[in-house]
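Notes for the one structure printed next.
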Number of protein chains: 2
Amino acid sequence: MMRGFDSIESMNADELLVKRKRGSKRFVVGAAVIGALFFLVGILIGFFSHETEQPIPAPPPKKLDPAQFIIENVDVNFLKNKLKNFTSQVRTSGNEGNNELADKLKSMWSDSGVDKIHTFSYNVLLSFANLTEPNKVEILNKTSGTILFTSSAFEPKLQSDERNSSTLSYNAYCPSGIVSGDAVYVNYGRVEDLEYLVKNLSLNITGQIFIARYGKIFAGNKVLNAENYNASGIILYSDPADVNQAKNKSVKPYPDSWWLPSTGITRGTVYMGTGDPMTPGYPSTDYGFYKNRSKDILPRIPCQPISYGDAMHILGNLSGHAAPTSWKGTLPIDYKVGPGYENNTELELKMTVNNYLETKQVQNVIGVIQGREEPDRYVLLGNHHDSWMYGAADPQSGNAALSQAVNIFGQLLKKGYRPRRTLVFCSWDAEEFGLIGSTEWIESNLKIVGARVVAYLNVETAALGTFTMQVATSPLLQDALYAAAKQIPSPEKEFKTLYDLWLAKSDKNLEPRLSYSLGGGSSYAAFYQQVGVSCADFHFTFNEETYPMSNYPLHHSSYDNYFSYEHYHDPEFKYAKAITQFWTTLANNIANAQLLPFNVSRFSSALKNFLTDLMSKYEELWKKNQVNLDALLSAVNNFTKATEEFESQLAAEKDLDKQPYKLRMYNDQIMQLERAFIYTGSLPAGSSSRNIIFGPSHLNFYKDSFFPGIVETMYTIEKGEDEWNQLKQQVFLATFYIQSAVQTLTWDLTL
Amino acid sequence: MMRGFDSIESMNADELLVKRKRGSKRFVVGAAVIGALFFLVGILIGFFSHETEQPIPAPPPKKLDPAQFIIENVDVNFLKNKLKNFTSQVRTSGNEGNNELADKLKSMWSDSGVDKIHTFSYNVLLSFANLTEPNKVEILNKTSGTILFTSSAFEPKLQSDERNSSTLSYNAYCPSGIVSGDAVYVNYGRVEDLEYLVKNLSLNITGQIFIARYGKIFAGNKVLNAENYNASGIILYSDPADVNQAKNKSVKPYPDSWWLPSTGITRGTVYMGTGDPMTPGYPSTDYGFYKNRSKDILPRIPCQPISYGDAMHILGNLSGHAAPTSWKGTLPIDYKVGPGYENNTELELKMTVNNYLETKQVQNVIGVIQGREEPDRYVLLGNHHDSWMYGAADPQSGNAALSQAVNIFGQLLKKGYRPRRTLVFCSWDAEEFGLIGSTEWIESNLKIVGARVVAYLNVETAALGTFTMQVATSPLLQDALYAAAKQIPSPEKEFKTLYDLWLAKSDKNLEPRLSYSLGGGSSYAAFYQQVGVSCADFHFTFNEETYPMSNYPLHHSSYDNYFSYEHYHDPEFKYAKAITQFWTTLANNIANAQLLPFNVSRFSSALKNFLTDLMSKYEELWKKNQVNLDALLSAVNNFTKATEEFESQLAAEKDLDKQPYKLRMYNDQIMQLERAFIYTGSLPAGSSSRNIIFGPSHLNFYKDSFFPGIVETMYTIEKGEDEWNQLKQQVFLATFYIQSAVQTLTWDLTL
């Protein structure tokens, strides 16, 4: 999985493509040089693959500066080699390639010199396509039974570097089943799309097979919406409008660019929960006894992803209303909504899905460097190692970066440097199925994660593009992110630091742009939403203003491989290098700071803004319905005052390093601040998050609602339900937990 | 409220009574001396009531020993004066006397010199008897309507020291209503008692009025059981068999002894929850919005407490089967079970209950002494200040002790001594209604209570008797309790220390006897069961082997006053003095120790024993039903090993005082150990406790079930329900939370 992109602006992947075209001669030369290098450094590569894999570091300076050391020692070749190595097989959870990668990481990290390394294994419920009976979508003649078209579950090999093996395409956790019906085009499959068909066009879409394009919202939401509108099945495809946006029409898709070709298939899970579906809320331990609740939370209708080449056959001859302009993709067809086929009532669609559930062992690889002063405070760096196919960008580019971070800290250890707090390197399994590895680990370690984890820093992909750094974060980490970015040299010559680059690409903002919406799309989800650990997630990306896409074009296709990463995402690996430097430096800064470099007033500013947004949207409606927000506003004011006082108190402190208990007190207060927003009772209506401030929107798992309890209740109210009492309750809860956060900022419980 | 006694053995109140009889001449002389003293020190008393109330302490020794200072400065006169003062009015929550006492405590503690003092107020739902239309139970002739008997809701004044005002007797939260029916005697109103009537005697008791004696279980359970067996109402009384056990039949009850007279009425709440019934799980804040859920959790049938003098009229002429021997009390009647009246089918019982609910402000008084090194770690000393009537033993003897503790720490502050951690003195309101003050405060401060409270030490009564110290505690505090007891001089000359006395009265045990069953009967309940704070509760008591009573005879009657306390519970206040010394010393030990003096292996031993008890009871049944306990047993073994390793690690540490972060780490691990047993999800079936190890039995709110989830499920299974899956789930949860506790004992998350 990978979180959807927020509406951060801009990018320059097209520039890159243009450059590539312009410089095609340079490319040929470059290729020759690469070939020659392969030949020349063969022995070295052999050596590295068995030995340290790292160039021998320069002799240490008299006084070791770990920040400088980190920046100097992130090595493009290391990143390249690792990426090549990691992408040499399909690494789907439960398969051999995945197990091999887990073992590889374990031995590699161990060689790097971390103090401890451990594999946490869980037996979890996974979902697979049947290899001998591939899923398919057919167009057939109802009367004669003649099959006019059958979709492909494979992607053909399009260039010589591609591996041969290709795994079937499917949507994990969709049930098996054979369904028939008329096709209905539902655009992105959002609630508003379906409402348009039912209300504006008065169509009866019950029992039909929906065909939706990927994008805008999490695929699981599309399937859930289809279920709610009584579809018998749903087909997903990526429309070229979303995944083949070349401005220059002569640019051909992959393998000639990063655009998805007509044969590419976007895989993905459509499970709406997180963690093993068998064990919501608890770890999948070997001694577990669980009522099988997976039936209640897994998709109930068959679904299947297909290529846009195949989708064209289904969409091409649909009858019915013309699709609205905003629904039209860029397939060379008239987009109509159906249901059924133009001039041929004999044709119907048939979906055959042969997915099956299987309990498999998955393994998280966890490496630990014990903190020098505070071993019981953890800074976590994490990513997953399972991928749908070769997963070069997602997740292996992130894994190369993580392994580099492990390696550098290993080198630092050998040089006698050990950070103040414990560093934990987390390589999760089964993330693509529904954040399973991270969630099970968190559930297994819930108490100590709650009491001890200072921050979780997630990098799923190093660089999707070369435009800017995209960051989603807890407000608490904002200043730490800025500070680290100022330490990192810019990967582009026109800027001095990564911060300068980031700021320059932030559309004239005074500060580099970032998002407070983490959503539910990657491994930080349970940390943030179930425990209240401060989290950040970042990578380099393309200009989303130029290319408004919910993800990069080759995402979860078999063409997201080393070839495409090296050619189109980050040819010189300099953006991956910058992200690696940034990630490692940030982790070191947080792990080694005496006083945690978190700014609590960022949190109160964020809260004020969230509340202002809510007020501007609902104030009148609330007034009319006697919803009193005075207490909530006053709680936010109290919180603002408390954060200001806390910061001025910190500013006035002298020689905190000589007052260890006071320092630890402040640090505990900072660490526990976000924990204060976690519900202690049962979950709020309509939200899977226990976090009163942040939680994935039920309309789109990839994006947060701020004050999810209030927002989700307002959604129900706006649909016409009388949930005003529920809303008042949610306002109370928000008020109460903000007051709880106020209490964490002082030792004095009489305040 | 006050917790019921556990089956700890022995006492010597009768000796005391005998002494009193023997020494009646001495008593007259003593009374004269007391009278003279009153006269002589009148000016001083006047002075004390406005000023410091404390003898001027001796000049401090060169090096102040706080433990010695505490022991030397607990003053019998202080305790006496405070008790007299506190018991001068009825202090029921919401009344003037209660408000006056809260104000008094606030100003007195403030004068003592604590750093901060604060009143936390909550508007909560209380329940009162109607003063103008007293509740009553009548016997009448159905046909003629003639009333043959009416119960009294007042207690007459029996000796000259008693105040005039007397509040009506009632059971808080019983609804108003008028019901008629035949009387049925139900012994203690336990499930087994009702089963006996229905199954063994095949009686139809539906719609009748039950009459039950107090004792064995919490009164709320009796009312709940009556509801479940479809009673129309329930009458409660204390049988002389339980509250007038004088071995010497010539001993007259109060005012001639501590035995309850025939006019005495035992009040009490019958609400089965804790905290404001309007706001389960959340604090009663002024901004709260609550669905009124009180209807679901409050009693549904009228009930009323009466004296045994009145009960005799109802029980005296019952028809039907003879009550079994164990059901027979010591009223001079034949105990029959009814229903209805012998030789007179015209007679019926009529209950008129005019209780009403009212939202009233209650206030907790909280005093704080800021810790020297670790202000963000709290040691709490607490008791309630509300009482049903004068409440001399319960709670004012405890309050005198608490005020003495505050005063002594105030003196120590002035001498320059400040303990390492913060001390918090808690005087709760509305405890008698259902632990409301403490629960609302904990709910208001849930996050910081969870993160910061090291221990909660509760003393509700100082001394009920002179036999031994009765202690209920978390296993973690056991050694700290023993250590403090060894520091306190014995109140009796034949022993050197309190520990020696306690041990000698422990029936040849190798260690002083204590109980791990805290139950739900006093203010520690929410600390222990909802948050996992280590708690202890203690007082001096009578010999329960000699006098097997669920509580002291005058409990919750208007005769629990200064007169009876001074004459019969603790004439010289030397046991109250010992308890005060013990409480203050223990709190200081915990607050000032570098390393928390908690022994984690006590906890693993306790767990092992709980599990062994369960196994011996259920092992065969479990085997038959494929309940596998291997993992649970193995978790307990892991926990045992972890506690042993933790302790040997601690033992090997040197100069921890020079390693502040390590010290704090160990202390955090110790503090968080019990938190690991708290459910993070929804509550387990059948238990109101979130604590996987400890929770009040649903059969008796006063006593714990160990592993409540398992025990409560087994109860359902033994009643014939097929809840084996639920049981397996509970076994899993117990296993999981014990494993969580294992994790808290090491920083190393790979273990």
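In the structure tokens, chains take letters A, B, ... by order of appearance, with residues numbered from 1 within each chain and ligands from 1 in the order shown.
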
Task: Who sits within 12 Å of segment 314-316 of chain B, only C-alpha atoms, same chain under 3 positions skipped, as a PyMOL selection string - done: chain B and resi 137-140+148-151+182-187+209-213+235-237+239+306-311+319-320+322-323+328-342+347-351

Those residues with C-alpha atoms, as a PDB file, in the first residue's frame please?
ATOM      1  CA  VAL B 137     -42.664  -0.391  55.729  1.00  0.00           C
ATOM      2  CA  GLU B 138     -46.132  -1.249  57.006  1.00  0.00           C
ATOM      3  CA  ILE B 139     -48.013  -4.377  57.917  1.00  0.00           C
ATOM      4  CA  LEU B 140     -51.671  -3.937  57.141  1.00  0.00           C
ATOM      5  CA  LEU B 148     -50.811  -2.918  62.267  1.00  0.00           C
ATOM      6  CA  PHE B 149     -47.211  -1.806  62.181  1.00  0.00           C
ATOM      7  CA  THR B 150     -45.117   1.012  60.710  1.00  0.00           C
ATOM      8  CA  SER B 151     -41.330   0.981  60.611  1.00  0.00           C
ATOM      9  CA  ASP B 182     -46.184 -11.012  50.997  1.00  0.00           C
ATOM     10  CA  ALA B 183     -42.906 -10.970  52.857  1.00  0.00           C
ATOM     11  CA  VAL B 184     -40.259 -13.573  52.021  1.00  0.00           C
ATOM     12  CA  TYR B 185     -37.194 -14.002  54.198  1.00  0.00           C
ATOM     13  CA  VAL B 186     -34.178 -14.461  51.923  1.00  0.00           C
ATOM     14  CA  ASN B 187     -31.349 -14.726  54.468  1.00  0.00           C
ATOM     15  CA  ILE B 209     -41.282  -8.281  49.067  1.00  0.00           C
ATOM     16  CA  PHE B 210     -37.971  -9.777  50.089  1.00  0.00           C
ATOM     17  CA  ILE B 211     -36.506  -9.150  53.489  1.00  0.00           C
ATOM     18  CA  ALA B 212     -32.789  -9.763  53.663  1.00  0.00           C
ATOM     19  CA  ARG B 213     -30.228  -9.331  56.358  1.00  0.00           C
ATOM     20  CA  ILE B 235     -36.208  -4.646  52.918  1.00  0.00           C
ATOM     21  CA  LEU B 236     -32.742  -4.761  54.483  1.00  0.00           C
ATOM     22  CA  TYR B 237     -31.922  -5.064  58.171  1.00  0.00           C
ATOM     23  CA  ASP B 239     -29.686  -9.172  62.262  1.00  0.00           C
ATOM     24  CA  ILE B 306     -34.934  -0.905  58.848  1.00  0.00           C
ATOM     25  CA  SER B 307     -33.810  -1.709  62.379  1.00  0.00           C
ATOM     26  CA  TYR B 308     -33.836  -5.248  63.700  1.00  0.00           C
ATOM     27  CA  GLY B 309     -36.383  -4.130  66.227  1.00  0.00           C
ATOM     28  CA  ASP B 310     -38.693  -3.348  63.335  1.00  0.00           C
ATOM     29  CA  ALA B 311     -37.637  -6.385  61.327  1.00  0.00           C
ATOM     30  CA  SER B 319     -45.613 -18.621  57.655  1.00  0.00           C
ATOM     31  CA  GLY B 320     -44.126 -21.336  55.499  1.00  0.00           C
ATOM     32  CA  ALA B 322     -38.695 -23.106  58.752  1.00  0.00           C
ATOM     33  CA  ALA B 323     -35.537 -21.331  57.731  1.00  0.00           C
ATOM     34  CA  LYS B 328     -31.484 -18.299  61.563  1.00  0.00           C
ATOM     35  CA  GLY B 329     -30.477 -15.085  63.205  1.00  0.00           C
ATOM     36  CA  THR B 330     -30.705 -14.355  66.883  1.00  0.00           C
ATOM     37  CA  LEU B 331     -33.949 -12.433  67.061  1.00  0.00           C
ATOM     38  CA  PRO B 332     -36.220 -14.108  69.629  1.00  0.00           C
ATOM     39  CA  ILE B 333     -38.444 -15.550  66.917  1.00  0.00           C
ATOM     40  CA  ASP B 334     -38.841 -18.717  64.876  1.00  0.00           C
ATOM     41  CA  TYR B 335     -37.214 -17.909  61.570  1.00  0.00           C
ATOM     42  CA  LYS B 336     -39.569 -18.961  58.799  1.00  0.00           C
ATOM     43  CA  VAL B 337     -39.214 -18.032  55.162  1.00  0.00           C
ATOM     44  CA  GLY B 338     -42.813 -17.087  54.275  1.00  0.00           C
ATOM     45  CA  PRO B 339     -44.236 -15.977  51.974  1.00  0.00           C
ATOM     46  CA  GLY B 340     -47.020 -14.349  53.975  1.00  0.00           C
ATOM     47  CA  TYR B 341     -48.259 -14.494  57.504  1.00  0.00           C
ATOM     48  CA  GLU B 342     -49.018 -17.417  59.660  1.00  0.00           C
ATOM     49  CA  LEU B 347     -52.055  -9.381  56.301  1.00  0.00           C
ATOM     50  CA  GLU B 348     -49.717  -7.966  53.753  1.00  0.00           C
ATOM     51  CA  LEU B 349     -46.593  -5.866  53.643  1.00  0.00           C
ATOM     52  CA  LYS B 350     -46.519  -2.425  52.076  1.00  0.00           C
ATOM     53  CA  MET B 351     -43.357  -0.470  51.302  1.00  0.00           C
TER      54      MET B 351
END

- [ ] From a DSSP pass on the backbone, collect the residues of segment 319-504 of chain A flagged as helix (DSSP H, G or I) and hand them back as a VMD selection string.
- [x] chain A and resid 325 to 327 392 to 414 431 to 434 436 to 444 446 to 452 475 to 487 498 to 504

- [ ] Define the interface residues of chain B facing chain A as those within 6 Å, counting only C-alpha atoms, and report them as number ranges by chain.
- [x] B: 118, 287-289, 376, 631, 682, 729, 732, 747, 750

TODO: Based on DSSP run over this structure's backbone, return all residues of segment 460-586 of chain B in strand (DSSP E or B), as an MDAnalysis selection string.
DONE: chainID B and resid 463 468:473 489 497 515 535:541

- [ ] Go through A:Leu64, A:Leu194, A:Val124, A:Leu298 and flag the residue nearest Glu358 of chain A, using only C-alpha atoms for the distances.
- [x] A:Val124

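With distances restricted to only C-alpha atoms, B:Gln530 is the closest residue to Asn691 of chain B from B:Gln530, B:Asn343, B:Ser110, B:Ser522.
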
12 Å contact set for Pro134 of chain B, only C-alpha atoms, chain neighbours under 4 positions out, as an mmCIF file with C-alpha atoms, in the first residue's frame:
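result15.cif written:
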data_model
loop_
_atom_site.group_PDB
_atom_site.id
_atom_site.type_symbol
_atom_site.label_atom_id
_atom_site.label_comp_id
_atom_site.auth_asym_id
_atom_site.auth_seq_id
_atom_site.Cartn_x
_atom_site.Cartn_y
_atom_site.Cartn_z
ATOM 1 C CA PHE B 128 -31.951 11.354 48.967
ATOM 2 C CA ALA B 129 -34.803 10.365 51.213
ATOM 3 C CA ASN B 130 -37.752 12.713 51.377
ATOM 4 C CA THR B 150 -45.117 1.012 60.710
ATOM 5 C CA SER B 151 -41.330 0.981 60.611
ATOM 6 C CA SER B 152 -39.266 3.890 61.824
ATOM 7 C CA ALA B 153 -36.962 5.859 59.555
ATOM 8 C CA PHE B 154 -35.269 7.529 62.523
ATOM 9 C CA THR B 167 -31.108 12.076 58.974
ATOM 10 C CA LEU B 168 -33.663 9.691 57.609
ATOM 11 C CA SER B 169 -32.536 6.208 56.840
ATOM 12 C CA TYR B 170 -32.667 5.036 53.237
ATOM 13 C CA SER B 176 -39.344 5.683 44.884
ATOM 14 C CA GLN B 304 -35.476 0.335 52.483
ATOM 15 C CA MET B 351 -43.357 -0.470 51.302
ATOM 16 C CA THR B 352 -43.492 3.255 50.664
ATOM 17 C CA VAL B 353 -40.264 4.703 49.328
ATOM 18 C CA ASN B 354 -40.032 8.408 48.552
ATOM 19 C CA ASN B 355 -36.400 8.692 47.522
ATOM 20 C CA TYR B 356 -35.526 11.210 44.858
#
